[in-house]
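Participant: Okay, so here is protein.pdb, and as you'll see once you scroll down, it has PDB, C-alpha atoms.
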```
ATOM      1  CA  MET X   1      39.356 -22.871 146.913
ATOM      2  CA  ASP X   2      37.344 -25.351 148.951
ATOM      3  CA  PRO X   3      36.347 -23.677 152.279
ATOM      4  CA  VAL X   4      36.242 -27.044 154.084
ATOM      5  CA  GLY X   5      40.015 -27.454 154.025
ATOM      6  CA  GLN X   6      40.796 -23.871 155.051
ATOM      7  CA  ASP X   7      42.565 -22.982 158.296
ATOM      8  CA  ILE X   8      40.009 -20.876 160.226
ATOM      9  CA  ASN X   9      42.209 -19.998 163.204
ATOM     10  CA  LEU X  10      42.369 -16.189 163.091
ATOM     11  CA  ASN X  11      45.768 -16.141 164.788
ATOM     12  CA  SER X  12      47.294 -18.535 162.279
ATOM     13  CA  PRO X  13      49.739 -17.175 159.708
ATOM     14  CA  ASN X  14      48.135 -19.703 157.315
ATOM     15  CA  LYS X  15      44.591 -18.417 157.778
ATOM     16  CA  GLY X  16      42.443 -19.032 154.727
ATOM     17  CA  LEU X  17      44.798 -21.687 153.381
ATOM     18  CA  GLY X  18      44.353 -25.391 153.070
ATOM     19  CA  PRO X  19      46.471 -27.840 155.073
ATOM     20  CA  ALA X  20      49.028 -28.295 152.274
ATOM     21  CA  GLY X  21      49.320 -24.612 151.409
ATOM     22  CA  GLY X  22      47.919 -23.104 148.245
ATOM     23  CA  VAL X  23      47.285 -19.533 147.211
ATOM     24  CA  ASP X  24      46.315 -16.927 149.814
ATOM     25  CA  SER X  25      43.031 -15.477 148.640
ATOM     26  CA  LEU X  26      43.833 -12.056 150.131
ATOM     27  CA  THR X  27      47.319 -11.517 148.717
ATOM     28  CA  GLY X  28      47.487 -13.899 145.754
ATOM     29  CA  VAL X  29      50.758 -15.256 147.162
ATOM     30  CA  SER X  30      51.471 -18.981 146.954
ATOM     31  CA  MET X  31      51.929 -20.838 150.194
ATOM     32  CA  GLU X  32      54.132 -23.866 149.925
ATOM     33  CA  GLY X  33      54.406 -25.837 153.146
ATOM     34  CA  GLY X  34      53.516 -22.740 155.162
ATOM     35  CA  ALA X  35      56.316 -20.584 153.710
ATOM     36  CA  MET X  36      55.483 -17.669 151.508
ATOM     37  CA  GLY X  37      56.497 -17.555 147.933
ATOM     38  CA  VAL X  38      55.844 -15.059 145.195
ATOM     39  CA  ALA X  39      55.605 -17.428 142.269
ATOM     40  CA  ALA X  40      51.840 -17.138 142.119
ATOM     41  CA  VAL X  41      51.671 -13.347 142.486
ATOM     42  CA  ASN X  42      49.478 -12.108 139.678
ATOM     43  CA  THR X  43      51.198  -8.747 139.278
ATOM     44  CA  LEU X  44      53.982  -7.100 141.202
ATOM     45  CA  PRO X  45      53.856  -3.398 141.962
ATOM     46  CA  PRO X  46      55.993  -1.393 139.530
ATOM     47  CA  GLY X  47      59.658  -1.280 140.477
ATOM     48  CA  LEU X  48      59.449  -4.284 142.831
ATOM     49  CA  THR X  49      61.322  -7.493 142.078
ATOM     50  CA  GLU X  50      60.173 -10.947 143.107
ATOM     51  CA  GLU X  51      62.906 -11.153 145.725
ATOM     52  CA  GLU X  52      61.912  -7.782 147.231
ATOM     53  CA  ALA X  53      58.252  -8.808 147.267
ATOM     54  CA  GLU X  54      59.138 -12.115 148.945
ATOM     55  CA  GLU X  55      61.183 -10.245 151.546
ATOM     56  CA  LEU X  56      58.324  -7.811 152.204
ATOM     57  CA  TYR X  57      55.808 -10.663 152.539
ATOM     58  CA  SER X  58      58.160 -12.403 154.950
ATOM     59  CA  GLU X  59      58.476  -9.237 157.015
ATOM     60  CA  LEU X  60      54.688  -8.759 156.903
ATOM     61  CA  THR X  61      54.199 -12.281 158.243
ATOM     62  CA  LYS X  62      56.615 -11.623 161.102
ATOM     63  CA  VAL X  63      54.900  -8.315 161.992
ATOM     64  CA  GLU X  64      51.463  -9.967 161.976
ATOM     65  CA  GLU X  65      52.782 -12.730 164.229
ATOM     66  CA  GLU X  66      54.204 -10.111 166.604
ATOM     67  CA  ILE X  67      50.850  -8.306 166.622
ATOM     68  CA  ASN X  68      49.060 -11.544 167.497
ATOM     69  CA  THR X  69      51.594 -12.268 170.239
ATOM     70  CA  LEU X  70      51.128  -8.783 171.677
ATOM     71  CA  ARG X  71      47.340  -9.225 171.606
ATOM     72  CA  GLN X  72      47.690 -12.469 173.557
ATOM     73  CA  VAL X  73      50.055 -10.845 176.072
ATOM     74  CA  LEU X  74      47.676  -7.882 176.487
ATOM     75  CA  LEU X  75      44.724 -10.222 176.987
ATOM     76  CA  ALA X  76      46.661 -12.154 179.645
ATOM     77  CA  LYS X  77      47.671  -8.905 181.396
ATOM     78  CA  GLU X  78      44.061  -7.631 181.378
ATOM     79  CA  LYS X  79      42.875 -10.948 182.862
ATOM     80  CA  HIS X  80      45.580 -10.778 185.538
ATOM     81  CA  SER X  81      44.629  -7.167 186.310
ATOM     82  CA  ALA X  82      40.953  -8.137 186.648
ATOM     83  CA  ASP X  83      41.904 -10.988 189.009
ATOM     84  CA  LEU X  84      43.995  -8.646 191.178
ATOM     85  CA  LYS X  85      41.191  -6.067 191.315
ATOM     86  CA  ARG X  86      38.702  -8.766 192.275
ATOM     87  CA  LYS X  87      41.004  -9.962 195.073
ATOM     88  CA  LEU X  88      41.396  -6.390 196.302
ATOM     89  CA  GLY X  89      37.624  -5.895 196.258
ATOM     90  CA  LEU X  90      37.755  -3.245 193.565
ATOM     91  CA  SER X  91      34.654  -3.264 191.438
ATOM     92  CA  PRO X  92      34.021  -1.357 188.219
ATOM     93  CA  LEU X  93      31.667   0.909 190.187
ATOM     94  CA  ASN X  94      34.401   1.735 192.713
ATOM     95  CA  GLU X  95      36.801   2.471 189.863
ATOM     96  CA  LEU X  96      34.225   4.757 188.271
ATOM     97  CA  LYS X  97      33.776   6.591 191.577
ATOM     98  CA  GLN X  98      37.544   6.996 191.930
ATOM     99  CA  ASN X  99      37.854   8.249 188.352
ATOM    100  CA  ILE X 100      35.052  10.779 188.870
ATOM    101  CA  THR X 101      36.569  11.955 192.149
ATOM    102  CA  LYS X 102      39.990  12.351 190.565
ATOM    103  CA  GLY X 103      38.453  14.125 187.569
ATOM    104  CA  TRP X 104      36.588  16.538 189.858
ATOM    105  CA  GLN X 105      39.789  17.241 191.794
ATOM    106  CA  ASP X 106      41.582  17.920 188.511
ATOM    107  CA  VAL X 107      38.805  20.316 187.463
ATOM    108  CA  GLN X 108      38.950  22.128 190.808
ATOM    109  CA  THR X 109      42.684  22.651 190.501
ATOM    110  CA  SER X 110      42.476  23.922 186.911
ATOM    111  CA  ASN X 111      42.956  27.630 186.243
ATOM    112  CA  ALA X 112      39.691  27.893 184.290
ATOM    113  CA  TYR X 113      37.717  26.552 187.261
ATOM    114  CA  LYS X 114      39.466  28.896 189.672
ATOM    115  CA  LYS X 115      38.751  31.924 187.466
ATOM    116  CA  THR X 116      35.111  30.907 187.011
ATOM    117  CA  SER X 117      34.717  30.287 190.736
ATOM    118  CA  GLU X 118      36.226  33.681 191.586
ATOM    119  CA  THR X 119      33.994  35.434 189.029
ATOM    120  CA  LEU X 120      30.864  33.753 190.407
ATOM    121  CA  SER X 121      31.910  34.609 193.956
ATOM    122  CA  VAL X 122      32.352  38.291 193.067
ATOM    123  CA  ALA X 123      29.018  38.294 191.217
ATOM    124  CA  GLY X 124      27.319  36.751 194.256
ATOM    125  CA  GLN X 125      28.821  39.362 196.570
ATOM    126  CA  LYS X 126      27.699  42.201 194.293
ATOM    127  CA  THR X 127      24.208  40.728 194.020
ATOM    128  CA  THR X 128      23.987  40.388 197.800
ATOM    129  CA  ALA X 129      25.100  44.002 198.239
ATOM    130  CA  ALA X 130      22.570  45.227 195.654
ATOM    131  CA  LEU X 131      19.709  43.290 197.268
ATOM    132  CA  SER X 132      20.721  44.562 200.694
ATOM    133  CA  THR X 133      20.763  48.161 199.443
ATOM    134  CA  MET X 134      17.375  47.688 197.794
ATOM    135  CA  GLY X 135      15.960  46.166 201.008
ATOM    136  CA  THR X 136      17.271  49.077 203.052
ATOM    137  CA  ALA X 137      15.781  51.615 200.622
ATOM    138  CA  LEU X 138      12.440  49.804 200.643
ATOM    139  CA  SER X 139      12.421  49.682 204.444
ATOM    140  CA  ARG X 140      13.200  53.406 204.570
ATOM    141  CA  LYS X 141      10.359  54.178 202.119
ATOM    142  CA  LEU X 142       7.920  52.072 204.105
ATOM    143  CA  GLY X 143       9.054  53.864 207.260
ATOM    144  CA  ASP X 144       8.443  57.193 205.516
ATOM    145  CA  MET X 145       4.955  56.034 204.594
ATOM    146  CA  ARG X 146       4.153  55.179 208.215
ATOM    147  CA  ALA X 147       5.189  58.666 209.262
ATOM    148  CA  LEU X 148       2.642  60.269 206.926
ATOM    149  CA  PRO X 149      -0.821  61.044 208.268
ATOM    150  CA  PHE X 150      -2.850  58.156 207.034
ATOM    151  CA  SER X 151      -6.217  56.812 208.122
ATOM    152  CA  ASN X 152      -6.231  53.274 209.550
ATOM    153  CA  SER X 153      -9.617  52.638 208.008
ATOM    154  CA  PHE X 154      -9.814  52.186 204.243
ATOM    155  CA  GLY X 155     -13.565  51.868 204.121
ATOM    156  CA  ASN X 156     -14.671  51.391 200.516
ATOM    157  CA  TYR X 157     -11.577  52.977 198.978
ATOM    158  CA  SER X 158      -9.303  51.160 196.544
ATOM    159  CA  ILE X 159      -5.543  50.973 196.976
ATOM    160  CA  ARG X 160      -5.225  53.291 193.994
ATOM    161  CA  GLN X 161      -7.376  55.931 195.707
ATOM    162  CA  SER X 162      -5.366  55.604 198.941
ATOM    163  CA  ILE X 163      -2.081  55.938 197.122
ATOM    164  CA  SER X 164      -3.259  58.882 195.094
ATOM    165  CA  MET X 165      -2.277  61.304 197.835
ATOM    166  CA  PRO X 166       0.110  63.804 196.187
ATOM    167  CA  THR X 167       3.083  63.120 198.475
ATOM    168  CA  MET X 168       3.176  59.365 197.909
ATOM    169  CA  ARG X 169       1.948  59.354 194.339
ATOM    170  CA  ASN X 170       4.828  61.511 193.153
ATOM    171  CA  SER X 171       7.527  59.352 194.763
ATOM    172  CA  PRO X 172       9.525  57.246 192.262
ATOM    173  CA  THR X 173       8.950  54.062 194.266
ATOM    174  CA  PHE X 174       5.194  54.310 194.053
ATOM    175  CA  LYS X 175       5.159  55.403 190.424
ATOM    176  CA  SER X 176       7.026  52.210 189.594
ATOM    177  CA  PHE X 177       4.797  50.197 191.944
ATOM    178  CA  GLU X 178       1.639  51.706 190.446
ATOM    179  CA  ASP X 179       2.799  50.941 186.917
ATOM    180  CA  LYS X 180       3.423  47.313 187.813
ATOM    181  CA  VAL X 181       0.333  46.697 189.906
ATOM    182  CA  GLY X 182      -2.252  48.573 187.884
ATOM    183  CA  ASN X 183      -5.833  48.810 189.105
ATOM    184  CA  ILE X 184      -6.060  46.137 191.824
ATOM    185  CA  LYS X 185      -9.012  46.893 194.114
ATOM    186  CA  LEU X 186      -9.584  45.605 197.633
ATOM    187  CA  GLY X 187     -12.837  43.721 198.096
TER     188      GLY X 187
END
```
Please express the file's structure as structure tokens.
Facilitator:
Amino acid sequence: MDPVGQDINLNSPNKGLGPAGGVDSLTGVSMEGGAMGVAAVNTLPPGLTEEEAEELYSELTKVEEEINTLRQVLLAKEKHSADLKRKLGLSPLNELKQNITKGWQDVQTSNAYKKTSETLSVAGQKTTAALSTMGTALSRKLGDMRALPFSNSFGNYSIRQSISMPTMRNSPTFKSFEDKVGNIKLG
């Protein structure tokens, strides 16, 4: 078919057809004066008569027209909505902020979030208690060290030599400390 005479309006029920009708290139159905006919159908599906096919094509045309009408109505509604939002001073950025805020509120009210929050809170409390206990024990050990007779002058001795006193060296705190620190010497 000559493409020059074709109807190119995508919303037209005669799209792809010349002004006087013809054969629809997609369906193979003849178009006479804009009405569908099945005279030019190459082959009908098995068990389908010409009258049934014509009825189905007619119904298909009506459904496609309804779809196009609904698209136009939706487009008009979206334009109207955009105009109202513009008049109210609502921008896409403000909408995004509102959506994020609402989403965050929904997350905070969800059971999964509450359970996770409670678990993290308990873990934080236990960690704080453990660190506090460790700090207290360390303070006590350091206090015990101050009570020991110990020279204020190190002279040319290394930390390892100073710590090698039997009382301190055998304590679990200093064994662990000595293992981690190794042989660091003071200048």
Participant: Could you tell me how far atom CA of X:Arg146 sits from atom CA of X:Thr173, in Å to one decimal place?
Facilitator: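 Straight-line distance from atom CA of X:Thr173 to atom CA of X:Arg146 works out to 14.8 Å.
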Participant: Could you check how far atom CA of X:Val73 sits from atom CA of X:Pro92, in Å to one decimal?
Facilitator: 22.2 Å
Participant: Need the axis-aligned box for stretch 77-82 of chain X with 4 Å each side, so what are the centre and edges in Å to one decimal, as lines of an AutoDock Vina configuration file?
Facilitator:
```
center_x = 44.3
center_y = -9.1
center_z = 184.0
size_x = 14.7
size_y = 11.8
size_z = 13.3
```
Participant: Can you measure atom CA of X:Ser171 to atom CA of X:Ala130 for me? One decimal in Å is fine.
Facilitator: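 Calculated distance between atom CA of X:Ser171 and atom CA of X:Ala130 is 20.7 Å.
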